[in-house]
Amino acid sequence: MPSFDTRVPAVLLRTDRNPFHHGTLGAVRSLGRAGIDVHLVADSTGSPVRGSRFVCRMHPPPAPGAPPSEIAATLRRVAARVGRPAVLIPMDDAGAVAVDRLRAELAPRFLLPLAPAGLAERVADKAELAAVCASAGLPHPVTLVPDGPAQAASAARRLGLPVVAKWSRPWLLPAGSDLRSTTVLTSAEEARTLYRRAEEAGSRLLLQAFLAPGPDQDWFFHGYVDRSGAVRGGGTGRKQLAWPRGAGLTAVGRWTPNPAVLALAERLVAQLGYRGILDLDFRRDGTTGAYHLLDFNPRPGAQFRLFADGAGLDVVRALHLDLTHRPLPSPVPLPGRTFVVENYAPLSAAFRRGTELAWHARDDLAPGAALWALWSRHVGRRAVRRHVRPTTPPPQLTPLSDDEKASSH
């Protein structure tokens, strides 16, 4: 294992209330196993992660949808309790954007990568990402941003149905809403109807050409870009099973070398001057073979532990080592390694060599045990809601993904 400066704690920030975000547990365990004190700023109500033996202390998060000023106040309180400078790791897009805006205010209480100001918000915004890809020469689905309901219907017809609808800033979607960050629309009228909810969504609606999923079509890249601009602690992976099936978050992923995806990722971060942890989603066009960048998440992806290598390195450990000026070990790739999220792919959750489970760990049993009780209640509530139908049903929209991926990736 690398030599960590265990005098420097880590603070994980999660503003999303989703209790099933397994990436947060992965970060807690990875850093805790390295002997680092892990402080978690997140909603602990019913969350399996609170039972992890690697959590040093839980801290109340800011309110849902809180402005940066309230997030700053929360982090100042946490810093006072921690009592020493700490590595700060946002675990969702809202946190990443807020921390980027607050960088000057948070220093020197927190250690952060020196990324260009405003870049996290630029790449996380789905509409801005299209412009980023255009300037960098990266393939990206044709994207239109309508300015009214009629234009939305027209754009859907122009792109060809089905069409992908996205809210440009999904972290602004109201909690408890039936709005999803990404949806597949099958008619122009659905596009018109969805546009009328833009004020409720809090950001612009954009429409994208639909690239059909299929075998070997969905890929992702996770990595950490260090102070010198080198990409460390990650790799390329293939989505073998998604939840919901055929679209959505990675339920089963496999570490699979893909030089084309790696080259695109390295070229993009070099052109942007990006520093820090990132999670990129790609889909291969079955007709042209080109890999289109679908999402750029400026924080750890939920399945980042897939890329825990033979040197004991992953993206959160790479970040801690780099920010504390400790040497990063040479990578020891483990292609073929598999990551399984048990509640989404229970039949794939076999204890076999080269597989890491999202929730269950022999050295940290409580979160895995708590998961199933919570998941059973969650599934039961969803079943009840499906059977209690409203008198006037809303337009039926086919969900593609639920950004946070279970919440991301």
# chains A, B, ... in the order shown; residues from 1 in each chain; ligands from 1
$ residues_around --residues "Cys133 of chain A" --least-positions-apart "6" --cutoff "8 Å" --atoms "only C-alpha atoms" --output "list of chain:residue names"
A:Pro139, A:His140, A:Leu293
$ select_by_dssp --residues "segment 162-367 of chain A" --states "alpha helix (DSSP H)" --output "ChimeraX atom specification"
/A:188-195,198-201,259-272,315-323,365-367
$ residues_around --residues "Pro333 of chain A" --least-positions-apart "4" --cutoff "10 Å" --atoms "only C-alpha atoms" --output "ChimeraX atom specification"
/A:233-235,255,257,307-311,313,337
$ residues_around --residues "Ala270 of chain A" --least-positions-apart "5" --cutoff "12 Å" --atoms "only C-alpha atoms" --output "ChimeraX atom specification"
/A:115,136,225-231,263-265,275
$ write_last_selection --atoms "N, CA and C atoms" --output "PDB file, in the first residue's frame"
ATOM      1  N   ALA A 115      -7.727  23.275 -10.150  1.00  0.00           N
ATOM      2  CA  ALA A 115      -8.367  23.254 -11.466  1.00  0.00           C
ATOM      3  C   ALA A 115      -8.754  24.676 -11.867  1.00  0.00           C
ATOM      4  N   ALA A 136     -13.082  20.887 -28.509  1.00  0.00           N
ATOM      5  CA  ALA A 136     -11.994  19.922 -28.341  1.00  0.00           C
ATOM      6  C   ALA A 136     -11.935  18.902 -29.468  1.00  0.00           C
ATOM      7  N   VAL A 225      -6.435  13.399 -12.231  1.00  0.00           N
ATOM      8  CA  VAL A 225      -5.422  14.189 -12.919  1.00  0.00           C
ATOM      9  C   VAL A 225      -4.611  14.930 -11.858  1.00  0.00           C
ATOM     10  N   ASP A 226      -3.330  14.596 -11.741  1.00  0.00           N
ATOM     11  CA  ASP A 226      -2.517  15.163 -10.667  1.00  0.00           C
ATOM     12  C   ASP A 226      -2.019  16.560 -11.006  1.00  0.00           C
ATOM     13  N   ARG A 227      -1.227  17.120 -10.107  1.00  0.00           N
ATOM     14  CA  ARG A 227      -0.788  18.512 -10.251  1.00  0.00           C
ATOM     15  C   ARG A 227       0.035  18.733 -11.520  1.00  0.00           C
ATOM     16  N   SER A 228       0.678  17.657 -12.031  1.00  0.00           N
ATOM     17  CA  SER A 228       1.477  17.790 -13.248  1.00  0.00           C
ATOM     18  C   SER A 228       0.660  17.594 -14.514  1.00  0.00           C
ATOM     19  N   GLY A 229      -0.610  17.190 -14.367  1.00  0.00           N
ATOM     20  CA  GLY A 229      -1.450  16.934 -15.527  1.00  0.00           C
ATOM     21  C   GLY A 229      -1.467  15.485 -15.958  1.00  0.00           C
ATOM     22  N   ALA A 230      -0.800  14.602 -15.214  1.00  0.00           N
ATOM     23  CA  ALA A 230      -0.795  13.177 -15.534  1.00  0.00           C
ATOM     24  C   ALA A 230      -2.069  12.525 -15.008  1.00  0.00           C
ATOM     25  N   VAL A 231      -2.628  11.602 -15.795  1.00  0.00           N
ATOM     26  CA  VAL A 231      -3.835  10.880 -15.393  1.00  0.00           C
ATOM     27  C   VAL A 231      -3.424   9.639 -14.617  1.00  0.00           C
ATOM     28  N   ALA A 263      -7.445   7.520 -24.985  1.00  0.00           N
ATOM     29  CA  ALA A 263      -6.856   8.633 -25.723  1.00  0.00           C
ATOM     30  C   ALA A 263      -7.791   9.839 -25.746  1.00  0.00           C
ATOM     31  N   LEU A 264      -9.091   9.601 -25.906  1.00  0.00           N
ATOM     32  CA  LEU A 264     -10.048  10.704 -25.893  1.00  0.00           C
ATOM     33  C   LEU A 264     -10.060  11.395 -24.532  1.00  0.00           C
ATOM     34  N   ALA A 265     -10.048  10.603 -23.464  1.00  0.00           N
ATOM     35  CA  ALA A 265     -10.075  11.173 -22.114  1.00  0.00           C
ATOM     36  C   ALA A 265      -8.822  12.004 -21.850  1.00  0.00           C
ATOM     37  N   ARG A 275      -7.890  19.393 -13.461  1.00  0.00           N
ATOM     38  CA  ARG A 275      -7.180  18.755 -12.360  1.00  0.00           C
ATOM     39  C   ARG A 275      -8.211  18.186 -11.390  1.00  0.00           C
TER      40      ARG A 275
END
$ atom_distance --atom1 "atom CA of Ser52 of chain A" --atom2 "atom CA of Val28 of chain A"
8.0 Å
$ closest_residue --among "A:Val142, A:Leu272, A:Ala104, A:Ala366" --to "Ala155 of chain A" --atoms "only C-alpha atoms"
A:Val142
$ residues_around --residues "Thr15 of chain A" --least-positions-apart "6" --cutoff "7 Å" --atoms "only C-alpha atoms" --output "ChimeraX atom specification"
/A:42,61-62,64,94-95
$ residues_around --residues "Arg196 of chain A" --least-positions-apart "3" --cutoff "8 Å" --atoms "only C-alpha atoms" --output "VMD selection string"
chain A and resid 148 to 149 192 to 193 199
$ closest_residue --among "A:Val11, A:Ala117, A:Val145, A:Leu194" --to "Ala209 of chain A" --atoms "only C-alpha atoms"
A:Val145
$ residues_around --residues "Arg197 of chain A" --least-positions-apart "4" --cutoff "12 Å" --atoms "only C-alpha atoms" --output "VMD selection string"
chain A and resid 148 to 149 152 167 173 to 174 177 to 180 190 to 193 201 to 205
$ select_by_dssp --residues "segment 18-250 of chain A" --states "strand (DSSP E or B)" --output "NGL selection string"
:A and (38-41 or 57-59 or 86-90 or 110-111 or 143-144 or 163-167 or 182-185 or 205-209 or 218-225 or 231-243 or 249-250)
$ write_last_selection --atoms "N, CA and C atoms" --output "compact mmCIF listing (two decimals), in the first residue's frame"
# COMPACT_ATOMS: atom_id res chain seq x y z
N VAL A 38 -11.99 9.57 8.23
CA VAL A 38 -12.95 9.97 7.22
C VAL A 38 -14.16 10.63 7.89
N HIS A 39 -14.39 11.90 7.56
CA HIS A 39 -15.56 12.63 8.02
C HIS A 39 -16.54 12.70 6.86
N LEU A 40 -17.78 12.32 7.12
CA LEU A 40 -18.78 12.27 6.06
C LEU A 40 -19.87 13.30 6.31
N VAL A 41 -19.99 14.24 5.37
CA VAL A 41 -21.05 15.25 5.42
C VAL A 41 -22.15 14.75 4.49
N ARG A 57 -16.65 10.22 11.65
CA ARG A 57 -17.74 11.02 12.19
C ARG A 57 -18.67 11.45 11.06
N MET A 58 -19.98 11.42 11.34
CA MET A 58 -20.99 11.94 10.42
C MET A 58 -21.29 13.38 10.77
N HIS A 59 -21.53 14.21 9.75
CA HIS A 59 -21.87 15.62 9.95
C HIS A 59 -23.14 15.92 9.16
N ALA A 86 -7.96 19.46 5.89
CA ALA A 86 -8.42 18.15 5.43
C ALA A 86 -8.57 18.16 3.92
N VAL A 87 -8.40 16.99 3.31
CA VAL A 87 -8.69 16.82 1.89
C VAL A 87 -10.21 16.77 1.72
N LEU A 88 -10.75 17.61 0.84
CA LEU A 88 -12.19 17.69 0.63
C LEU A 88 -12.54 17.02 -0.69
N ILE A 89 -13.52 16.09 -0.65
CA ILE A 89 -13.91 15.34 -1.85
C ILE A 89 -15.42 15.44 -2.04
N PRO A 90 -15.90 16.25 -2.97
CA PRO A 90 -17.33 16.26 -3.28
C PRO A 90 -17.70 14.94 -3.98
N PHE A 110 -9.34 23.49 3.73
CA PHE A 110 -9.46 22.28 2.93
C PHE A 110 -8.44 22.28 1.80
N LEU A 111 -7.94 21.09 1.48
CA LEU A 111 -7.01 20.91 0.38
C LEU A 111 -7.80 20.49 -0.85
N THR A 143 -26.79 18.03 -30.53
CA THR A 143 -27.56 18.57 -29.41
C THR A 143 -28.23 19.87 -29.82
N LEU A 144 -29.51 20.00 -29.51
CA LEU A 144 -30.27 21.22 -29.76
C LEU A 144 -30.86 21.72 -28.45
N VAL A 163 -35.70 10.41 -29.24
CA VAL A 163 -34.73 11.45 -28.98
C VAL A 163 -34.45 11.49 -27.48
N VAL A 164 -33.25 11.89 -27.12
CA VAL A 164 -32.86 11.97 -25.71
C VAL A 164 -33.09 13.39 -25.21
N ALA A 165 -33.81 13.51 -24.09
CA ALA A 165 -34.04 14.81 -23.44
C ALA A 165 -33.24 14.86 -22.14
N LYS A 166 -32.52 15.96 -21.94
CA LYS A 166 -31.72 16.14 -20.73
C LYS A 166 -31.97 17.52 -20.15
N TRP A 167 -31.94 17.60 -18.83
CA TRP A 167 -31.90 18.90 -18.16
C TRP A 167 -30.44 19.28 -18.02
N THR A 182 -32.31 12.52 -17.39
CA THR A 182 -32.24 12.09 -18.78
C THR A 182 -33.41 11.18 -19.08
N THR A 183 -34.07 11.43 -20.22
CA THR A 183 -35.26 10.68 -20.58
C THR A 183 -35.27 10.44 -22.09
N VAL A 184 -35.73 9.28 -22.50
CA VAL A 184 -35.91 9.00 -23.92
C VAL A 184 -37.35 9.34 -24.30
N LEU A 185 -37.52 10.22 -25.28
CA LEU A 185 -38.85 10.63 -25.74
C LEU A 185 -39.16 9.92 -27.06
N LEU A 205 -33.78 22.74 -20.99
CA LEU A 205 -33.99 21.42 -21.59
C LEU A 205 -33.18 21.36 -22.88
N LEU A 206 -32.47 20.27 -23.08
CA LEU A 206 -31.79 20.07 -24.34
C LEU A 206 -32.18 18.71 -24.91
N LEU A 207 -32.14 18.63 -26.21
CA LEU A 207 -32.50 17.40 -26.92
C LEU A 207 -31.29 16.92 -27.70
N GLN A 208 -31.07 15.60 -27.64
CA GLN A 208 -29.91 15.01 -28.29
C GLN A 208 -30.32 13.86 -29.20
N ALA A 209 -29.53 13.68 -30.26
CA ALA A 209 -29.73 12.51 -31.12
C ALA A 209 -29.52 11.25 -30.29
N ASP A 218 -21.49 0.77 -24.38
CA ASP A 218 -21.39 1.71 -23.26
C ASP A 218 -20.08 1.52 -22.51
N TRP A 219 -19.31 2.61 -22.44
CA TRP A 219 -17.99 2.60 -21.82
C TRP A 219 -17.87 3.78 -20.86
N PHE A 220 -16.93 3.67 -19.94
CA PHE A 220 -16.67 4.78 -19.03
C PHE A 220 -15.19 4.85 -18.73
N PHE A 221 -14.79 6.01 -18.27
CA PHE A 221 -13.40 6.25 -17.88
C PHE A 221 -13.40 6.96 -16.53
N HIS A 222 -12.61 6.44 -15.60
CA HIS A 222 -12.41 7.10 -14.32
C HIS A 222 -10.92 7.39 -14.16
N GLY A 223 -10.61 8.52 -13.56
CA GLY A 223 -9.21 8.84 -13.35
C GLY A 223 -9.03 10.01 -12.41
N TYR A 224 -7.79 10.23 -12.02
CA TYR A 224 -7.40 11.40 -11.25
C TYR A 224 -6.28 12.10 -12.01
N VAL A 225 -6.43 13.40 -12.23
CA VAL A 225 -5.42 14.19 -12.92
C VAL A 225 -4.61 14.93 -11.86
N VAL A 231 -2.63 11.60 -15.80
CA VAL A 231 -3.84 10.88 -15.39
C VAL A 231 -3.42 9.64 -14.62
N ARG A 232 -3.94 9.51 -13.40
CA ARG A 232 -3.54 8.41 -12.51
C ARG A 232 -4.77 7.76 -11.89
N GLY A 233 -4.58 6.57 -11.35
CA GLY A 233 -5.56 5.94 -10.47
C GLY A 233 -6.86 5.50 -11.10
N GLY A 234 -6.90 5.23 -12.40
CA GLY A 234 -8.17 4.82 -13.00
C GLY A 234 -7.96 3.96 -14.21
N GLY A 235 -8.93 3.97 -15.11
CA GLY A 235 -8.85 3.17 -16.31
C GLY A 235 -10.14 3.24 -17.10
N THR A 236 -10.24 2.39 -18.11
CA THR A 236 -11.45 2.31 -18.93
C THR A 236 -12.22 1.05 -18.60
N GLY A 237 -13.53 1.18 -18.58
CA GLY A 237 -14.38 0.05 -18.24
C GLY A 237 -15.57 -0.06 -19.17
N ARG A 238 -16.12 -1.25 -19.22
CA ARG A 238 -17.29 -1.51 -20.06
C ARG A 238 -18.49 -1.83 -19.16
N LYS A 239 -19.60 -1.21 -19.47
CA LYS A 239 -20.83 -1.45 -18.73
C LYS A 239 -21.44 -2.76 -19.24
N GLN A 240 -21.43 -3.79 -18.41
CA GLN A 240 -21.97 -5.09 -18.80
C GLN A 240 -23.45 -5.22 -18.49
N LEU A 241 -23.90 -4.51 -17.46
CA LEU A 241 -25.31 -4.54 -17.09
C LEU A 241 -25.68 -3.19 -16.51
N ALA A 242 -26.80 -2.65 -16.96
CA ALA A 242 -27.26 -1.35 -16.48
C ALA A 242 -28.55 -1.51 -15.69
N TRP A 243 -28.82 -0.53 -14.83
CA TRP A 243 -30.09 -0.47 -14.13
C TRP A 243 -30.63 0.95 -14.26
N LEU A 249 -27.54 3.53 -14.71
CA LEU A 249 -26.28 3.39 -13.99
C LEU A 249 -25.65 2.02 -14.22
N THR A 250 -24.37 1.92 -13.89
CA THR A 250 -23.65 0.66 -14.05
C THR A 250 -23.96 -0.27 -12.89
$ closest_residue --among "A:Leu172, A:Ala361, A:Leu321, A:Cys56" --to "Ala198 of chain A" --atoms "only C-alpha atoms"
A:Leu172
$ closest_residue --among "A:Ala98, A:Ala73, A:Ala251, A:Leu268" --to "Ala345 of chain A" --atoms "only C-alpha atoms"
A:Ala251
$ closest_residue --among "A:Phe4, A:Phe296, A:Tyr291, A:Phe20" --to "Glu121 of chain A" --atoms "only C-alpha atoms"
A:Phe296
